[in-house]
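Asks: This is data.txt, which holds compact mmCIF, C-alpha atoms:
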```
# COMPACT_ATOMS: atom_id res chain seq x y z
CA MET A 1 20.67 5.92 10.98
CA VAL A 2 17.61 4.55 9.25
CA THR A 3 18.11 4.50 5.53
CA SER A 4 15.52 1.93 4.53
CA LEU A 5 13.42 -0.79 6.00
CA PHE A 6 14.28 -3.06 3.11
CA PRO A 7 17.41 -5.14 2.48
CA PRO A 8 20.05 -3.09 0.64
CA GLU A 9 19.98 -5.43 -2.37
CA LEU A 10 16.26 -4.81 -2.91
CA GLU A 11 16.73 -1.09 -2.52
CA THR A 12 19.57 -1.07 -5.06
CA ARG A 13 17.41 -2.93 -7.56
CA ALA A 14 14.44 -0.65 -6.88
CA THR A 15 16.65 2.38 -7.50
CA ALA A 16 17.67 0.97 -10.89
CA LEU A 17 14.07 0.11 -11.74
CA ILE A 18 12.82 3.61 -10.93
CA ALA A 19 15.62 5.09 -13.05
CA ALA A 20 14.83 2.81 -16.01
CA ALA A 21 11.09 3.44 -15.77
CA THR A 22 11.66 7.18 -15.55
CA ALA A 23 13.90 7.09 -18.61
CA ARG A 24 11.27 5.16 -20.56
CA GLY A 25 8.31 7.18 -19.30
CA GLN A 26 6.73 4.06 -17.84
CA ARG A 27 4.40 4.37 -14.88
CA ILE A 28 3.69 1.48 -12.52
CA ALA A 29 0.64 0.44 -10.49
CA THR A 30 0.56 -2.24 -7.82
CA ALA A 31 -2.23 -4.51 -6.59
CA GLU A 32 -1.27 -6.30 -3.41
CA SER A 33 -2.96 -8.81 -1.20
CA CYS A 34 -0.49 -10.79 0.94
CA THR A 35 2.23 -8.14 0.85
CA GLY A 36 -0.26 -5.52 2.02
CA GLY A 37 1.51 -2.53 0.47
CA LEU A 38 5.16 -3.55 0.74
CA VAL A 39 5.79 -3.64 -3.03
CA ALA A 40 4.61 -0.03 -3.29
CA GLY A 41 6.44 0.68 -0.05
CA LEU A 42 9.72 -0.53 -1.55
CA LEU A 43 9.33 1.45 -4.77
CA THR A 44 8.51 4.62 -2.87
CA GLU A 45 11.65 4.33 -0.74
CA ILE A 46 13.37 5.70 -3.82
CA ALA A 47 13.53 9.47 -4.25
CA GLY A 48 11.96 10.36 -7.59
CA SER A 49 9.55 7.42 -7.51
CA SER A 50 6.62 9.81 -7.66
CA ALA A 51 7.17 9.96 -11.43
CA VAL A 52 6.79 6.17 -11.64
CA LEU A 53 4.55 4.71 -8.93
CA GLU A 54 1.24 6.09 -10.10
CA ARG A 55 -0.93 4.39 -7.48
CA GLY A 56 -1.25 1.23 -5.45
CA PHE A 57 -4.16 -0.87 -4.34
CA VAL A 58 -3.95 -2.82 -1.09
CA THR A 59 -6.81 -5.24 -1.58
CA TYR A 60 -6.66 -7.40 1.48
CA SER A 61 -10.36 -8.27 1.56
CA ASN A 62 -12.38 -9.90 -1.20
CA HIS A 63 -14.67 -6.87 -1.19
CA ALA A 64 -11.67 -4.69 -1.95
CA LYS A 65 -10.55 -6.98 -4.78
CA ALA A 66 -14.00 -6.78 -6.31
CA GLU A 67 -14.74 -3.12 -5.67
CA LEU A 68 -11.33 -1.53 -6.30
CA LEU A 69 -10.00 -3.82 -9.01
CA GLY A 70 -13.13 -5.27 -10.57
CA VAL A 71 -12.26 -8.88 -9.83
CA PRO A 72 -15.50 -10.76 -10.58
CA LYS A 73 -17.14 -12.13 -7.44
CA ASP A 74 -17.79 -15.40 -9.24
CA THR A 75 -14.07 -15.77 -9.89
CA LEU A 76 -13.32 -15.16 -6.23
CA LEU A 77 -15.93 -17.68 -5.15
CA GLN A 78 -15.02 -20.32 -7.70
CA HIS A 79 -11.23 -20.18 -7.50
CA GLY A 80 -10.52 -18.49 -4.17
CA ALA A 81 -8.54 -15.31 -3.60
CA VAL A 82 -5.21 -17.11 -4.04
CA SER A 83 -5.51 -18.32 -7.62
CA GLU A 84 -4.37 -17.61 -11.15
CA PRO A 85 -7.70 -16.20 -12.38
CA VAL A 86 -7.90 -13.80 -9.45
CA VAL A 87 -4.34 -12.52 -9.73
CA ARG A 88 -4.76 -11.99 -13.47
CA ALA A 89 -7.94 -10.00 -12.85
CA MET A 90 -6.18 -8.00 -10.13
CA ALA A 91 -3.33 -6.98 -12.45
CA GLU A 92 -5.66 -6.16 -15.33
CA GLY A 93 -7.94 -4.21 -13.02
CA ALA A 94 -5.01 -2.22 -11.64
CA LEU A 95 -3.88 -1.42 -15.17
CA SER A 96 -7.28 -0.33 -16.41
CA ARG A 97 -8.13 1.61 -13.23
CA SER A 98 -4.95 3.66 -13.16
CA ARG A 99 -2.81 5.78 -15.45
CA ALA A 100 0.00 3.23 -15.35
CA HIS A 101 1.59 1.38 -18.26
CA VAL A 102 2.51 -1.68 -16.20
CA ALA A 103 0.70 -3.27 -13.27
CA VAL A 104 1.92 -6.03 -11.00
CA ALA A 105 -0.38 -8.04 -8.72
CA VAL A 106 0.29 -10.52 -5.93
CA THR A 107 -1.97 -12.76 -3.88
CA GLY A 108 -0.76 -15.52 -1.63
CA ILE A 109 -0.77 -17.26 1.70
CA ALA A 110 1.81 -15.69 4.00
CA GLY A 111 0.85 -17.81 6.99
CA PRO A 112 1.11 -18.94 9.63
CA GLY A 113 -2.57 -19.88 9.22
CA GLY A 114 -4.72 -20.18 6.13
CA GLY A 115 -2.88 -22.96 4.36
CA SER A 116 -4.31 -26.21 3.03
CA ALA A 117 -2.97 -29.28 1.24
CA ASP A 118 -3.91 -27.72 -2.05
CA LYS A 119 -2.85 -24.18 -1.21
CA PRO A 120 -0.07 -24.39 1.37
CA VAL A 121 1.52 -21.52 3.26
CA GLY A 122 4.04 -19.92 0.95
CA LEU A 123 1.95 -20.28 -2.23
CA VAL A 124 1.87 -16.97 -4.08
CA HIS A 125 0.38 -16.08 -7.46
CA PHE A 126 1.81 -13.17 -9.45
CA ALA A 127 0.56 -11.39 -12.56
CA LEU A 128 1.95 -8.65 -14.73
CA ALA A 129 -0.34 -6.67 -17.02
CA ARG A 130 0.94 -4.32 -19.71
CA GLU A 131 -0.79 -2.15 -22.24
CA GLY A 132 -1.38 -4.07 -25.46
CA GLN A 133 0.37 -7.23 -24.31
CA PRO A 134 -0.86 -10.52 -22.85
CA THR A 135 -0.90 -10.70 -19.07
CA LEU A 136 1.84 -12.85 -17.58
CA HIS A 137 1.17 -15.26 -14.73
CA LEU A 138 3.63 -16.88 -12.34
CA GLU A 139 3.07 -19.26 -9.45
CA ARG A 140 5.68 -19.65 -6.72
CA ARG A 141 5.74 -21.97 -3.74
CA PHE A 142 8.16 -20.47 -1.24
CA GLY A 143 7.33 -22.94 1.52
CA ASP A 144 6.50 -22.16 5.12
CA LEU A 145 9.37 -19.74 5.69
CA GLY A 146 7.50 -17.62 8.21
CA ARG A 147 5.13 -14.79 7.47
CA GLY A 148 7.77 -12.06 7.17
CA ALA A 149 10.03 -14.11 4.92
CA VAL A 150 7.20 -15.18 2.60
CA ARG A 151 6.18 -11.54 2.24
CA LEU A 152 9.73 -10.42 1.56
CA ALA A 153 10.26 -13.20 -1.02
CA THR A 154 7.04 -12.03 -2.66
CA VAL A 155 8.27 -8.44 -2.84
CA ASP A 156 11.52 -9.71 -4.37
CA GLN A 157 9.67 -11.70 -7.06
CA ALA A 158 7.30 -8.84 -7.85
CA LEU A 159 10.31 -6.59 -8.31
CA SER A 160 11.82 -9.11 -10.73
CA LEU A 161 8.66 -9.08 -12.82
CA LEU A 162 8.70 -5.30 -12.96
CA GLU A 163 12.38 -5.37 -13.91
CA GLN A 164 11.58 -7.70 -16.80
CA ALA A 165 8.66 -5.58 -17.91
CA ILE A 166 10.51 -2.29 -17.80
CA ALA A 167 13.76 -3.62 -19.25
CA ALA A 168 12.11 -5.65 -22.02
CA PRO A 169 12.01 -4.16 -25.51
CA LEU A 170 8.72 -2.42 -26.00
CA LEU A 171 6.55 -3.98 -28.66
CA ALA A 172 5.41 -1.65 -31.37
CA MET B 1 15.66 -15.31 10.19
CA VAL B 2 13.48 -12.55 8.81
CA THR B 3 10.62 -11.86 11.17
CA SER B 4 9.64 -8.39 10.09
CA LEU B 5 10.97 -5.45 8.17
CA PHE B 6 9.77 -3.10 10.87
CA PRO B 7 11.33 -2.23 14.22
CA PRO B 8 10.18 -4.67 16.93
CA GLU B 9 8.51 -1.89 18.94
CA LEU B 10 6.27 -0.98 16.01
CA GLU B 11 5.42 -4.59 15.40
CA THR B 12 4.52 -5.12 19.06
CA ARG B 13 2.21 -2.12 18.96
CA ALA B 14 0.67 -3.23 15.66
CA THR B 15 -0.01 -6.66 17.17
CA ALA B 16 -1.87 -5.03 20.08
CA LEU B 17 -3.78 -2.76 17.71
CA ILE B 18 -4.93 -5.65 15.52
CA ALA B 19 -6.03 -7.56 18.64
CA ALA B 20 -7.97 -4.56 19.98
CA ALA B 21 -9.59 -3.82 16.63
CA THR B 22 -10.55 -7.47 16.20
CA ALA B 23 -12.10 -7.57 19.67
CA ARG B 24 -14.12 -4.44 18.91
CA GLY B 25 -15.07 -5.44 15.37
CA GLN B 26 -13.39 -2.35 13.97
CA ARG B 27 -12.04 -2.41 10.42
CA ILE B 28 -9.34 -0.03 9.23
CA ALA B 29 -8.57 1.59 5.87
CA THR B 30 -5.41 3.50 4.98
CA ALA B 31 -4.75 6.30 2.51
CA GLU B 32 -1.04 6.89 2.05
CA SER B 33 0.98 9.30 0.04
CA CYS B 34 4.54 9.77 1.39
CA THR B 35 4.64 6.39 3.14
CA GLY B 36 3.59 4.67 -0.09
CA GLY B 37 1.98 1.62 1.54
CA LEU B 38 4.11 1.17 4.65
CA VAL B 39 1.30 1.82 7.13
CA ALA B 40 -0.74 -0.96 5.52
CA GLY B 41 2.45 -2.96 5.20
CA LEU B 42 3.05 -2.76 8.96
CA LEU B 43 -0.51 -3.71 9.89
CA THR B 44 -0.47 -6.69 7.55
CA GLU B 45 2.74 -8.02 9.11
CA ILE B 46 0.44 -9.24 11.85
CA ALA B 47 -1.25 -12.62 11.40
CA GLY B 48 -5.00 -12.13 11.64
CA SER B 49 -4.87 -8.62 10.23
CA SER B 50 -7.12 -9.68 7.36
CA ALA B 51 -10.06 -9.23 9.75
CA VAL B 52 -9.02 -5.62 10.36
CA LEU B 53 -7.19 -4.05 7.40
CA GLU B 54 -10.06 -3.82 4.97
CA ARG B 55 -8.20 -2.05 2.18
CA GLY B 56 -5.49 0.49 1.54
CA PHE B 57 -5.03 3.24 -1.02
CA VAL B 58 -1.55 4.23 -2.13
CA THR B 59 -2.27 7.58 -3.70
CA TYR B 60 1.10 8.86 -4.72
CA SER B 61 -0.09 10.97 -7.63
CA ASN B 62 -2.65 13.76 -7.52
CA HIS B 63 -4.71 11.85 -10.08
CA ALA B 64 -4.85 8.94 -7.65
CA LYS B 65 -5.88 11.18 -4.77
CA ALA B 66 -8.71 12.61 -6.88
CA GLU B 67 -9.83 9.42 -8.60
CA LEU B 68 -9.47 6.88 -5.79
CA LEU B 69 -10.32 9.02 -2.79
CA GLY B 70 -12.42 11.81 -4.27
CA VAL B 71 -10.11 14.62 -3.16
CA PRO B 72 -11.42 17.67 -5.05
CA LYS B 73 -9.02 18.83 -7.74
CA ASP B 74 -9.59 22.43 -6.65
CA THR B 75 -8.41 21.54 -3.16
CA LEU B 76 -5.27 19.93 -4.57
CA LEU B 77 -4.56 22.94 -6.76
CA GLN B 78 -5.32 25.53 -4.12
CA HIS B 79 -3.59 24.00 -1.10
CA GLY B 80 -1.15 21.51 -2.60
CA ALA B 81 -1.00 17.77 -1.97
CA VAL B 82 0.70 18.28 1.41
CA SER B 83 -1.94 20.24 3.28
CA GLU B 84 -4.63 19.93 5.91
CA PRO B 85 -7.60 20.12 3.50
CA VAL B 86 -6.13 17.39 1.31
CA VAL B 87 -5.32 14.99 4.12
CA ARG B 88 -8.78 15.46 5.60
CA ALA B 89 -10.35 14.68 2.22
CA MET B 90 -8.09 11.66 1.85
CA ALA B 91 -9.17 10.19 5.19
CA GLU B 92 -12.84 10.91 4.58
CA GLY B 93 -12.60 9.48 1.07
CA ALA B 94 -10.95 6.31 2.36
CA LEU B 95 -13.69 5.92 4.97
CA SER B 96 -16.55 6.44 2.55
CA ARG B 97 -14.98 4.32 -0.21
CA SER B 98 -14.33 1.29 1.94
CA ARG B 99 -16.09 -0.91 4.45
CA ALA B 100 -13.90 0.33 7.27
CA HIS B 101 -14.94 2.04 10.50
CA VAL B 102 -11.73 4.05 10.84
CA ALA B 103 -9.47 5.52 8.15
CA VAL B 104 -6.07 7.09 8.58
CA ALA B 105 -4.44 9.27 5.91
CA VAL B 106 -0.93 10.68 5.55
CA THR B 107 0.63 13.10 3.09
CA GLY B 108 4.02 14.69 3.50
CA ILE B 109 7.41 15.57 2.15
CA ALA B 110 9.83 12.71 2.77
CA GLY B 111 12.66 14.33 0.84
CA PRO B 112 15.39 14.72 -0.04
CA GLY B 113 13.81 17.00 -2.69
CA GLY B 114 10.46 18.72 -2.79
CA GLY B 115 10.80 20.93 0.24
CA SER B 116 10.29 24.71 0.43
CA ALA B 117 10.49 27.35 3.14
CA ASP B 118 6.78 26.99 3.72
CA LYS B 119 6.65 23.22 3.42
CA PRO B 120 10.03 21.85 4.42
CA VAL B 121 11.22 18.26 4.13
CA GLY B 122 9.79 16.38 7.09
CA LEU B 123 6.41 18.14 7.08
CA VAL B 124 3.62 15.56 7.27
CA HIS B 125 -0.12 16.01 7.61
CA PHE B 126 -2.24 13.27 9.19
CA ALA B 127 -6.00 12.78 9.40
CA LEU B 128 -8.20 10.24 11.08
CA ALA B 129 -11.79 9.77 9.97
CA ARG B 130 -14.34 7.77 11.91
CA GLU B 131 -17.96 6.96 11.36
CA GLY B 132 -20.17 9.60 12.95
CA GLN B 133 -17.30 11.60 14.46
CA PRO B 134 -15.42 14.72 13.39
CA THR B 135 -12.24 14.09 11.43
CA LEU B 136 -9.05 14.70 13.39
CA HIS B 137 -6.09 16.52 11.86
CA LEU B 138 -2.48 16.58 13.00
CA GLU B 139 0.53 18.32 11.53
CA ARG B 140 4.05 17.15 12.36
CA ARG B 141 7.39 18.59 11.35
CA PHE B 142 9.94 15.82 11.74
CA GLY B 143 12.78 17.79 10.16
CA ASP B 144 15.11 16.61 7.44
CA LEU B 145 15.93 13.25 9.00
CA GLY B 146 16.45 11.49 5.70
CA ARG B 147 13.78 9.94 3.53
CA GLY B 148 13.66 6.56 5.29
CA ALA B 149 13.51 8.07 8.76
CA VAL B 150 10.77 10.55 7.84
CA ARG B 151 8.72 7.71 6.39
CA LEU B 152 9.24 5.54 9.48
CA ALA B 153 8.34 8.42 11.83
CA THR B 154 5.20 8.89 9.76
CA VAL B 155 4.26 5.21 10.11
CA ASP B 156 4.82 5.51 13.88
CA GLN B 157 2.56 8.56 14.16
CA ALA B 158 -0.16 7.01 11.99
CA LEU B 159 -0.08 3.96 14.25
CA SER B 160 -0.52 6.22 17.29
CA LEU B 161 -3.60 7.79 15.75
CA LEU B 162 -5.08 4.38 15.06
CA GLU B 163 -4.28 3.29 18.62
CA GLN B 164 -6.16 6.31 19.97
CA ALA B 165 -9.11 5.69 17.65
CA ILE B 166 -9.42 2.02 18.42
CA ALA B 167 -8.74 2.32 22.15
CA ALA B 168 -10.97 5.36 22.68
CA PRO B 169 -14.43 4.79 24.10
CA LEU B 170 -16.89 4.48 21.26
CA LEU B 171 -19.45 7.24 21.18
CA ALA B 172 -23.04 6.12 21.21
```
Could you take the file, read its structure, and then write that structure out as structure tokens?
Replies:
Amino acid sequence: MVTSLFPPELETRATALIAAATARGQRIATAESCTGGLVAGLLTEIAGSSAVLERGFVTYSNHAKAELLGVPKDTLLQHGAVSEPVVRAMAEGALSRSRAHVAVAVTGIAGPGGGSADKPVGLVHFALAREGQPTLHLERRFGDLGRGAVRLATVDQALSLLEQAIAAPLLA
Amino acid sequence: MVTSLFPPELETRATALIAAATARGQRIATAESCTGGLVAGLLTEIAGSSAVLERGFVTYSNHAKAELLGVPKDTLLQHGAVSEPVVRAMAEGALSRSRAHVAVAVTGIAGPGGGSADKPVGLVHFALAREGQPTLHLERRFGDLGRGAVRLATVDQALSLLEQAIAAPLLA
């Protein structure tokens, strides 16, 4: 019997996150490049997630990052799609262009191609934007684990950021 | 070793679809409600999909369907989010608000809650919009298979529609 595509541990954590967000009235938006919708896909495995996952943006192309999330084209050109400035702009764009209280964004190099000495396969940038709070940034280098494993590690880390955001005391 | 979250058969078909779409220069957009990003998530499992999956919309809320895809609020109110007019508007909105040649949309009731006599758990509406061609609509009733299985069956059917669209002879 199919219960979920995702590892049980991730689903258990997602269930707790959806419950906590529901209790706090916090809605979530996602902005995904390398995971291509899997962060939203995990959250929506959970019954009742419709109260929490307000919308998701799968911005695989640079056009989509610019047009859907308002990432400045200059930022994309200057820093590349896998960079701190771009992921920050993605999270802030998802927050401002949704009815969510918290937005998480990911952009990275899942491989097998596309890596360089500077930006190897497995490099992923994360950002978390919240109403009235500074945007958080995180860089992870997962290594060349294989495309599926890099994507799954990225989902796991994005979930951790959301857990921190939802569980953290709300600032007045 | 993690290779993919998805069943191997779906991944094999997605690999062929990405290859065919790449060869024909066809870009794809997705608009997902009940699958919450999994259709885009499957396509982006495939290396090289960045040339094909132009963007994806995870429109879980009615606000998102209206604001991101231009689904008329009257249509949502009159027919409900899980209906033929809404899924048609989702697909056409995804096509017109992207740089894709083909857009697939899904909206359904994955369960376990949310079903009614008229719209039972497992009911899913699909639409496929293509440049210069009439939008296709399909209704499936998968039954109450469980949330994960309904979502996976929906991904499978959406993939079939994309296969038909990409493989079909292009009209002049």
Asks: Rounded to one decimal, what separation in Å do you get between atom CA of Gly132 of chain B and atom CA of Thr59 of chain B?
Replies: 24.5 Å
Asks: Quick one: distance from atom CA of Val86 of chain A to atom CA of Leu68 of chain B in Å, one decimal?
Replies: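 Taking atom CA of Val86 of chain A as the start and atom CA of Leu68 of chain B as the end point, the length is 21.1 Å.
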Asks: Would you give me, as a Markdown table, each residue of chain A having an atom within 8 Å of an atom of chain B, along with its shortest atom pair and that distance in Å to one decimal, using only C-alpha atoms and sorting by chain and residue number?
Replies:
```
| residue | atom | partner | partner_atom | distance |
| --- | --- | --- | --- | --- |
| A:Met1 | CA | B:Ala149 | CA | 7.8 |
| A:Val2 | CA | B:Ala149 | CA | 5.4 |
| A:Thr3 | CA | B:Gly148 | CA | 4.9 |
| A:Ser4 | CA | B:Gly148 | CA | 5.0 |
| A:Leu5 | CA | B:Leu5 | CA | 5.7 |
| A:Phe6 | CA | B:Leu5 | CA | 6.5 |
| A:Cys34 | CA | B:Thr44 | CA | 7.8 |
| A:Thr35 | CA | B:Gly41 | CA | 6.8 |
| A:Gly36 | CA | B:Gly41 | CA | 4.9 |
| A:Gly37 | CA | B:Gly37 | CA | 4.3 |
| A:Leu38 | CA | B:Gly41 | CA | 5.3 |
| A:Val39 | CA | B:Gly37 | CA | 7.9 |
| A:Ala40 | CA | B:Gly37 | CA | 5.7 |
| A:Gly41 | CA | B:Gly37 | CA | 4.8 |
| A:Thr44 | CA | B:Gly36 | CA | 5.7 |
| A:Glu45 | CA | B:Gly148 | CA | 6.7 |
| A:Ala47 | CA | B:Pro112 | CA | 7.0 |
| A:Ser50 | CA | B:Tyr60 | CA | 6.3 |
| A:Leu53 | CA | B:Tyr60 | CA | 6.8 |
| A:Glu54 | CA | B:Ser61 | CA | 5.6 |
| A:Arg55 | CA | B:Thr59 | CA | 5.1 |
| A:Gly56 | CA | B:Val58 | CA | 4.5 |
| A:Phe57 | CA | B:Phe57 | CA | 5.4 |
| A:Val58 | CA | B:Gly56 | CA | 4.5 |
| A:Thr59 | CA | B:Arg55 | CA | 5.1 |
| A:Tyr60 | CA | B:Arg55 | CA | 5.6 |
| A:Ser61 | CA | B:Glu54 | CA | 5.6 |
| A:Ala64 | CA | B:Arg55 | CA | 6.0 |
| A:Ser98 | CA | B:Ala64 | CA | 7.6 |
| A:Gly111 | CA | B:Ala47 | CA | 7.1 |
| A:Pro112 | CA | B:Ala47 | CA | 7.0 |
| A:Gly113 | CA | B:Ala47 | CA | 7.7 |
| A:Gly146 | CA | B:Thr3 | CA | 7.2 |
| A:Arg147 | CA | B:Thr3 | CA | 7.2 |
| A:Gly148 | CA | B:Thr3 | CA | 4.9 |
| A:Ala149 | CA | B:Val2 | CA | 5.4 |
```
Asks: If I take atom CA of Thr75 of chain B and atom CA of Arg88 of chain B, how far is one from the other in Å, to one decimal?
Replies: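 For atom CA of Thr75 of chain B relative to atom CA of Arg88 of chain B, the distance reads 10.7 Å.
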Asks: Excluding same-chain residues fewer than 6 positions from Val82 of chain A, what lies within 9 Å of it counting only C-alpha atoms, as a list in words?
Replies: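 Those residues are Leu76, Val106, Thr107, Gly108, Ile109, Lys119, Leu123, Val124 and His125 of chain A.
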Asks: Give me the residues near His101 of chain A as a PDB file with C-alpha atoms, keeping the file's coordinate frame, where near means some atom within 6 Å (using only C-alpha atoms) and where sequence neighbours in that chain fewer than 2 positions away do not count.
Replies:
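Result written to around-v7.pdb:
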```
ATOM      1  CA  GLN A  26       6.730   4.060 -17.840  1.00  0.00           C
ATOM      2  CA  ARG A  27       4.400   4.370 -14.880  1.00  0.00           C
ATOM      3  CA  ARG A 130       0.940  -4.320 -19.710  1.00  0.00           C
ATOM      4  CA  GLU A 131      -0.790  -2.150 -22.240  1.00  0.00           C
TER       5      GLU A 131
END
```
Asks: Residues within 6 Å of Ala127 of chain B, please, as number ranges by chain. Count all atoms listed in the file; anything in the same chain fewer than 5 positions from it doesn't count.
Replies: B: 87-88, 91, 104-105, 136-137
Asks: In the coordinate frame of the file, compute which residues have an atom within 12 Å of (-13.4, -3.9, 17.1) when using only C-alpha atoms, and state them as a ChimeraX atom specification.
Replies: /B:16-28,49,51-53,100-102,162-163,165-170
Asks: Using only C-alpha atoms, which of B:Ala103, B:Gly93, B:Glu11, B:Thr154 sits nearest Ala66 of chain B?
Replies: B:Gly93
Asks: Which residue out of B:Val71, B:Leu95, B:Val121, B:Ala14 has the minimum interatomic distance to Gln133 of chain B when all atoms listed in the file are used?
Replies: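 Nearest to Gln133 of chain B: B:Leu95.
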